[in-house]
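Shown below: entry06.cif, with mmCIF, C-alpha atoms.
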data_structure
#
loop_
_atom_site.label_atom_id
_atom_site.label_comp_id
_atom_site.auth_asym_id
_atom_site.auth_seq_id
_atom_site.Cartn_x
_atom_site.Cartn_y
_atom_site.Cartn_z
CA MET A 1 6.23 24.16 -30.36
CA THR A 2 8.56 21.17 -30.45
CA HIS A 3 7.96 17.93 -32.33
CA THR A 4 10.04 14.86 -33.04
CA ASP A 5 10.69 13.57 -36.55
CA THR A 6 8.62 10.46 -35.96
CA LEU A 7 4.97 9.70 -35.37
CA THR A 8 3.72 7.63 -32.48
CA ASP A 9 1.64 4.50 -33.05
CA ALA A 10 -1.43 6.43 -31.92
CA GLN A 11 -0.73 9.20 -34.45
CA LEU A 12 -0.12 6.71 -37.24
CA LEU A 13 -3.52 5.23 -36.48
CA ARG A 14 -5.26 8.62 -36.18
CA TYR A 15 -3.93 9.95 -39.49
CA ASN A 16 -3.87 6.61 -41.34
CA ARG A 17 -6.39 7.58 -44.03
CA GLN A 18 -4.35 10.56 -45.22
CA ILE A 19 -0.94 8.98 -44.66
CA MET A 20 -1.93 6.23 -47.09
CA LEU A 21 -2.27 8.85 -49.85
CA PRO A 22 0.94 8.57 -51.93
CA GLU A 23 1.03 12.34 -52.57
CA PHE A 24 1.01 12.99 -48.80
CA ASP A 25 2.46 9.98 -46.94
CA VAL A 26 4.25 10.17 -43.57
CA ALA A 27 6.46 13.01 -44.84
CA GLY A 28 3.42 15.22 -45.41
CA GLN A 29 2.02 14.38 -41.99
CA LEU A 30 5.28 15.33 -40.32
CA LYS A 31 5.43 18.63 -42.22
CA LEU A 32 1.87 19.40 -41.16
CA ARG A 33 2.65 18.51 -37.56
CA LYS A 34 5.55 21.00 -37.54
CA SER A 35 3.43 23.83 -38.98
CA ARG A 36 1.88 26.82 -37.25
CA VAL A 37 -1.14 28.57 -38.80
CA LEU A 38 -2.85 31.86 -37.98
CA VAL A 39 -6.62 31.84 -38.53
CA VAL A 40 -8.07 35.35 -38.51
CA GLY A 41 -11.84 35.39 -37.99
CA LEU A 42 -13.75 32.55 -36.34
CA GLY A 43 -17.12 32.85 -38.02
CA GLY A 44 -18.64 30.78 -40.80
CA LEU A 45 -15.32 30.29 -42.61
CA GLY A 46 -12.97 30.20 -39.63
CA CYS A 47 -14.88 27.46 -37.82
CA PRO A 48 -14.52 24.74 -40.50
CA VAL A 49 -10.97 25.91 -41.24
CA ALA A 50 -9.93 25.46 -37.61
CA LEU A 51 -11.75 22.15 -37.20
CA TYR A 52 -10.39 20.58 -40.39
CA LEU A 53 -6.82 21.76 -39.77
CA ALA A 54 -7.00 20.36 -36.24
CA ALA A 55 -8.47 17.06 -37.40
CA ALA A 56 -5.78 16.76 -40.09
CA GLY A 57 -3.03 17.22 -37.51
CA VAL A 58 -1.60 20.72 -37.89
CA GLY A 59 0.93 21.40 -35.14
CA GLU A 60 -0.35 24.70 -33.80
CA LEU A 61 -3.28 27.00 -34.45
CA VAL A 62 -3.25 30.68 -33.55
CA LEU A 63 -6.91 31.70 -33.38
CA ALA A 64 -7.68 35.42 -33.63
CA ASP A 65 -11.10 37.02 -33.15
CA PHE A 66 -12.41 39.70 -30.80
CA ASP A 67 -16.12 38.83 -31.11
CA ARG A 68 -18.49 36.83 -28.91
CA VAL A 69 -20.89 34.08 -29.97
CA GLU A 70 -24.47 35.14 -30.74
CA VAL A 71 -27.50 32.93 -31.37
CA SER A 72 -27.62 34.02 -35.01
CA ASN A 73 -24.08 32.68 -35.51
CA ILE A 74 -24.93 29.07 -34.77
CA GLN A 75 -26.75 28.53 -38.09
CA ARG A 76 -23.40 28.45 -39.92
CA GLN A 77 -20.53 28.75 -37.40
CA ILE A 78 -20.28 25.05 -36.64
CA ALA A 79 -17.64 25.14 -33.90
CA HIS A 80 -20.08 26.98 -31.58
CA THR A 81 -23.15 25.63 -29.81
CA GLU A 82 -26.00 27.27 -27.91
CA ALA A 83 -24.04 26.70 -24.72
CA ASP A 84 -21.33 29.01 -26.12
CA VAL A 85 -23.59 32.04 -26.60
CA GLY A 86 -21.92 35.01 -24.93
CA ARG A 87 -18.47 33.39 -24.87
CA LEU A 88 -15.51 34.68 -26.79
CA LYS A 89 -15.33 32.92 -30.14
CA VAL A 90 -11.65 32.14 -29.64
CA GLU A 91 -12.48 30.25 -26.44
CA SER A 92 -15.35 28.34 -28.03
CA VAL A 93 -13.33 27.30 -31.09
CA ALA A 94 -10.30 26.42 -28.97
CA ASP A 95 -12.46 24.03 -26.93
CA SER A 96 -13.85 22.46 -30.11
CA VAL A 97 -10.36 22.04 -31.56
CA ARG A 98 -9.04 20.39 -28.40
CA ALA A 99 -12.05 18.06 -28.32
CA ILE A 100 -11.27 16.90 -31.86
CA ASN A 101 -7.49 16.62 -31.47
CA PRO A 102 -5.76 17.22 -28.12
CA ASP A 103 -2.36 16.95 -29.85
CA VAL A 104 -2.87 20.35 -31.50
CA SER A 105 -1.44 23.34 -29.66
CA VAL A 106 -3.83 26.29 -29.53
CA THR A 107 -3.02 29.95 -28.93
CA THR A 108 -5.94 32.38 -28.65
CA VAL A 109 -5.82 36.08 -29.51
CA ALA A 110 -9.04 37.71 -28.28
CA GLU A 111 -8.56 41.10 -29.89
CA ALA A 112 -8.84 42.90 -33.19
CA LEU A 113 -5.40 42.67 -34.75
CA ASP A 114 -3.96 46.08 -35.51
CA GLU A 115 -0.78 46.64 -37.52
CA ALA A 116 1.47 45.74 -34.58
CA GLY A 117 -0.57 42.66 -33.75
CA LEU A 118 -0.52 41.43 -37.32
CA GLU A 119 3.22 42.02 -37.55
CA LYS A 120 3.75 39.97 -34.38
CA TRP A 121 1.60 36.98 -35.27
CA VAL A 122 2.32 36.78 -38.99
CA SER A 123 6.02 36.64 -38.17
CA VAL A 124 5.68 33.42 -36.15
CA VAL A 125 3.42 31.36 -38.44
CA ASP A 126 3.92 29.47 -41.65
CA ALA A 127 0.62 30.51 -43.23
CA VAL A 128 -2.30 32.85 -42.60
CA VAL A 129 -5.91 31.90 -43.32
CA ASP A 130 -8.03 35.00 -43.91
CA CYS A 131 -11.57 34.24 -42.76
CA THR A 132 -12.61 37.84 -42.16
CA ASP A 133 -15.64 39.53 -43.66
CA ASN A 134 -14.51 43.04 -44.61
CA PHE A 135 -12.12 44.55 -47.13
CA THR A 136 -10.32 46.79 -44.63
CA THR A 137 -9.10 43.88 -42.53
CA ARG A 138 -8.24 41.83 -45.60
CA GLU A 139 -6.13 44.69 -46.92
CA GLN A 140 -4.34 44.97 -43.57
CA ILE A 141 -3.60 41.24 -43.56
CA ASN A 142 -2.45 41.43 -47.17
CA ALA A 143 -0.06 44.29 -46.48
CA GLU A 144 1.59 42.34 -43.68
CA VAL A 145 1.96 39.07 -45.57
CA VAL A 146 3.45 40.99 -48.51
CA LYS A 147 5.89 42.68 -46.13
CA GLN A 148 6.93 39.39 -44.56
CA ARG A 149 6.64 37.31 -47.74
CA LYS A 150 4.24 34.78 -46.27
CA ILE A 151 1.27 32.79 -47.56
CA VAL A 152 -2.36 33.82 -47.13
CA VAL A 153 -5.28 31.57 -48.00
CA SER A 154 -8.23 33.84 -48.71
CA GLY A 155 -11.90 32.93 -48.73
CA ALA A 156 -15.19 34.80 -48.80
CA ALA A 157 -18.86 33.81 -48.88
CA ILE A 158 -22.21 35.58 -49.04
CA ARG A 159 -25.74 34.58 -50.07
CA PHE A 160 -25.21 31.39 -52.15
CA GLU A 161 -21.78 32.45 -53.44
CA GLY A 162 -18.19 31.92 -52.41
CA GLN A 163 -14.68 32.51 -53.63
CA LEU A 164 -11.22 31.17 -52.91
CA SER A 165 -7.63 32.07 -53.74
CA VAL A 166 -4.12 31.57 -52.39
CA PHE A 167 -1.58 34.39 -52.39
CA ASP A 168 1.93 33.00 -51.90
CA LEU A 169 4.06 36.08 -51.39
CA ARG A 170 7.22 34.00 -51.19
CA ARG A 171 6.94 33.85 -54.98
CA ASP A 172 7.80 36.83 -57.15
CA ASP A 173 5.12 35.88 -59.69
CA SER A 174 2.25 35.65 -57.18
CA PRO A 175 -0.33 38.44 -57.15
CA CYS A 176 -1.47 39.79 -53.80
CA TYR A 177 -4.99 40.48 -52.60
CA HIS A 178 -4.67 44.13 -53.58
CA CYS A 179 -3.77 43.17 -57.16
CA LEU A 180 -7.19 41.53 -57.39
CA TYR A 181 -9.43 43.98 -55.56
CA GLY A 182 -7.52 47.25 -55.13
CA MET A 183 -8.78 49.83 -52.69
CA VAL A 184 -12.55 49.36 -52.67
CA GLY A 185 -13.28 52.16 -50.23
CA GLU A 186 -16.65 51.15 -48.83
CA GLN A 187 -17.12 48.01 -46.77
CA SER A 188 -18.62 45.00 -48.53
CA LEU A 189 -22.00 43.66 -47.50
CA THR A 190 -21.95 41.37 -44.48
CA CYS A 191 -23.95 38.20 -43.93
CA SER A 192 -26.24 40.09 -41.55
CA GLU A 193 -27.06 42.50 -44.37
CA ALA A 194 -27.27 40.15 -47.35
CA GLY A 195 -27.79 36.68 -45.84
CA ILE A 196 -25.83 33.48 -46.20
CA MET A 197 -26.77 29.85 -46.83
CA SER A 198 -25.16 27.76 -44.12
CA PRO A 199 -23.35 25.06 -46.18
CA VAL A 200 -21.76 27.66 -48.49
CA VAL A 201 -19.35 28.83 -45.78
CA GLY A 202 -18.63 25.18 -45.03
CA ILE A 203 -17.70 24.50 -48.65
CA ILE A 204 -15.39 27.50 -48.87
CA GLY A 205 -13.94 26.97 -45.38
CA ALA A 206 -13.18 23.33 -46.14
CA ALA A 207 -11.51 24.40 -49.40
CA GLN A 208 -9.41 26.94 -47.48
CA ALA A 209 -8.31 24.20 -45.07
CA LEU A 210 -7.34 21.95 -47.98
CA GLU A 211 -5.34 24.70 -49.69
CA THR A 212 -3.59 25.46 -46.39
CA ILE A 213 -2.58 21.82 -45.98
CA LYS A 214 -1.32 21.77 -49.57
CA VAL A 215 0.92 24.81 -49.16
CA LEU A 216 2.23 23.64 -45.78
CA THR A 217 3.15 20.18 -47.06
CA ASP A 218 4.11 20.93 -50.68
CA THR A 219 1.30 18.69 -51.87
CA GLY A 220 -0.42 19.14 -55.21
CA THR A 221 -0.91 22.50 -56.90
CA PRO A 222 -2.31 25.30 -54.73
CA VAL A 223 -4.65 27.84 -56.33
CA VAL A 224 -1.94 30.50 -56.50
CA GLY A 225 -2.58 32.97 -59.32
CA ARG A 226 -6.14 31.73 -59.66
CA LEU A 227 -9.51 32.86 -58.32
CA GLN A 228 -12.14 30.15 -57.88
CA MET A 229 -15.78 31.24 -57.61
CA PHE A 230 -18.59 28.98 -56.39
CA ASP A 231 -22.28 29.41 -57.22
CA GLY A 232 -24.34 27.38 -54.80
CA LEU A 233 -27.59 27.88 -56.67
CA SER A 234 -26.25 26.19 -59.80
CA GLY A 235 -23.66 24.03 -58.04
CA SER A 236 -20.97 25.30 -60.42
CA TRP A 237 -17.39 26.54 -60.07
CA ARG A 238 -15.63 29.05 -62.30
CA GLU A 239 -11.92 29.81 -62.33
CA PHE A 240 -10.06 32.92 -63.45
CA ARG A 241 -6.33 33.40 -63.89
CA LEU A 242 -4.74 36.20 -61.91
CA LYS A 243 -1.54 38.09 -62.65
CA ARG A 244 0.50 40.25 -60.35
CA ASP A 245 -0.03 43.92 -61.10
CA PRO A 246 3.41 45.52 -61.58
CA ALA A 247 1.86 48.85 -60.60
CA CYS A 248 0.27 47.48 -57.41
CA PRO A 249 1.14 49.89 -54.56
CA VAL A 250 1.38 46.96 -52.11
CA CYS A 251 3.43 44.29 -53.90
CA GLY A 252 4.50 45.85 -57.20
CA THR A 253 7.85 47.29 -56.12
CA GLY A 254 11.04 45.40 -55.35
CA ARG A 255 9.68 41.85 -55.71
CA GLY A 256 11.35 40.81 -58.96
CA SER A 257 10.04 40.88 -62.48
CA PRO A 258 6.28 40.81 -62.96
CA GLU A 259 4.63 37.78 -64.49
CA SER A 260 4.69 37.92 -68.25
#

Turn this file's structure into structure tokens for me.
Amino acid sequence: MTHTDTLTDAQLLRYNRQIMLPEFDVAGQLKLRKSRVLVVGLGGLGCPVALYLAAAGVGELVLADFDRVEVSNIQRQIAHTEADVGRLKVESVADSVRAINPDVSVTTVAEALDEAGLEKWVSVVDAVVDCTDNFTTREQINAEVVKQRKIVVSGAAIRFEGQLSVFDLRRDDSPCYHCLYGMVGEQSLTCSEAGIMSPVVGIIGAAQALETIKVLTDTGTPVVGRLQMFDGLSGSWREFRLKRDPACPVCGTGRGSPES
């Protein structure tokens, strides 16, 4: 992925509405254009994440998912259409991304990422967006971003509820996913078991995309060390402060002094 340090007239026009933001400006757009992001999971969260990052002008997206589109996905996975049923989700989302912004480079990984796969792809990106739906995969992603000291933007949604947090493992004071949840053992409920209201994944996915843009461009204050929880039935957000666990078996050793 190679980019110049200037924007073309067409790009200045395309991204005008965010370039005019003083906190972002041309410098932020150039940083975003030079960034590479891994999106793991292309369901209800991954679809809006990929679409918004592409529309905003991220340089490259690495899209990872082994699954195929089913009719029941279309209710909330907005990058897929009925014509995509049976296709690999990575192919469907890649087509949607290119339709929105052909300037974005897209790499597809149509497989479940094991330890070696995660090591390979995490090493070549600037941030990881965790859009998966089970604790086992989230723990595997967390272990790799801790190992490589990268950023992971984590989201989850079920029923009418969602949650969001950013774990910036470049920072010695940042907790990791394991600090928050630990080893839960059993899998969490999935949307097929508990249900999900369609716009809820859109709200959380859009928030994940925003947090990703913020950490890639050093804009604003990312939700590092905080857990935000959304209740769609009441339309309310709650926020909790998180601290790194010095006894955490994943990140608690050899990463500097714990947060006081």

Can you write out as a tab-separated table which residues of range 108-179 of chain A fall within 12 Å of range 206-213 of chain A, alongside each residue's closest atom pair and its distance in Å to one decimal, counting all atoms listed in the file and ordering rows by chain and ascending residue number?
residue	atom	partner	partner_atom	distance
A:Asp126	CA	A:Thr212	CA	9.7
A:Ala127	CA	A:Thr212	CA	7.3
A:Val128	CA	A:Thr212	CA	8.4
A:Val129	CA	A:Gln208	CA	7.4
A:Asp130	CA	A:Gln208	CA	8.9
A:Cys131	CA	A:Gln208	CA	9.0
A:Ile151	CA	A:Thr212	CA	8.9
A:Val152	CA	A:Thr212	CA	8.5
A:Val153	CA	A:Gln208	CA	6.2
A:Ser154	CA	A:Gln208	CA	7.1
A:Gly155	CA	A:Gln208	CA	6.6
A:Ala156	CA	A:Gln208	CA	9.8
A:Ala157	CA	A:Gln208	CA	11.8
A:Gly162	CA	A:Ala207	CA	10.5
A:Gln163	CA	A:Ala207	CA	9.7
A:Leu164	CA	A:Gln208	CA	7.1
A:Ser165	CA	A:Gln208	CA	8.3
A:Val166	CA	A:Glu211	CA	7.5
A:Phe167	CA	A:Glu211	CA	10.7
A:Asp168	CA	A:Thr212	CA	10.8

Legend entry - Nearest residue to Arg170 in chain A from the set A:Val224, A:Leu63, A:Gly41, A:Ala94 (distances using only C-alpha atoms): A:Val224

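Closest approach to Glu161 in chain A among A:Asp218, A:Asp231, A:Asp103, A:Glu139: A:Asp231, based on all atoms listed in the file.
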
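Here CA of Leu42 in chain A and CA of Leu118 in chain A stand 16.0 Å from one another.
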
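Atom pair CA of Phe66 in chain A / CA of Ala54 in chain A: separated by 20.8 Å.
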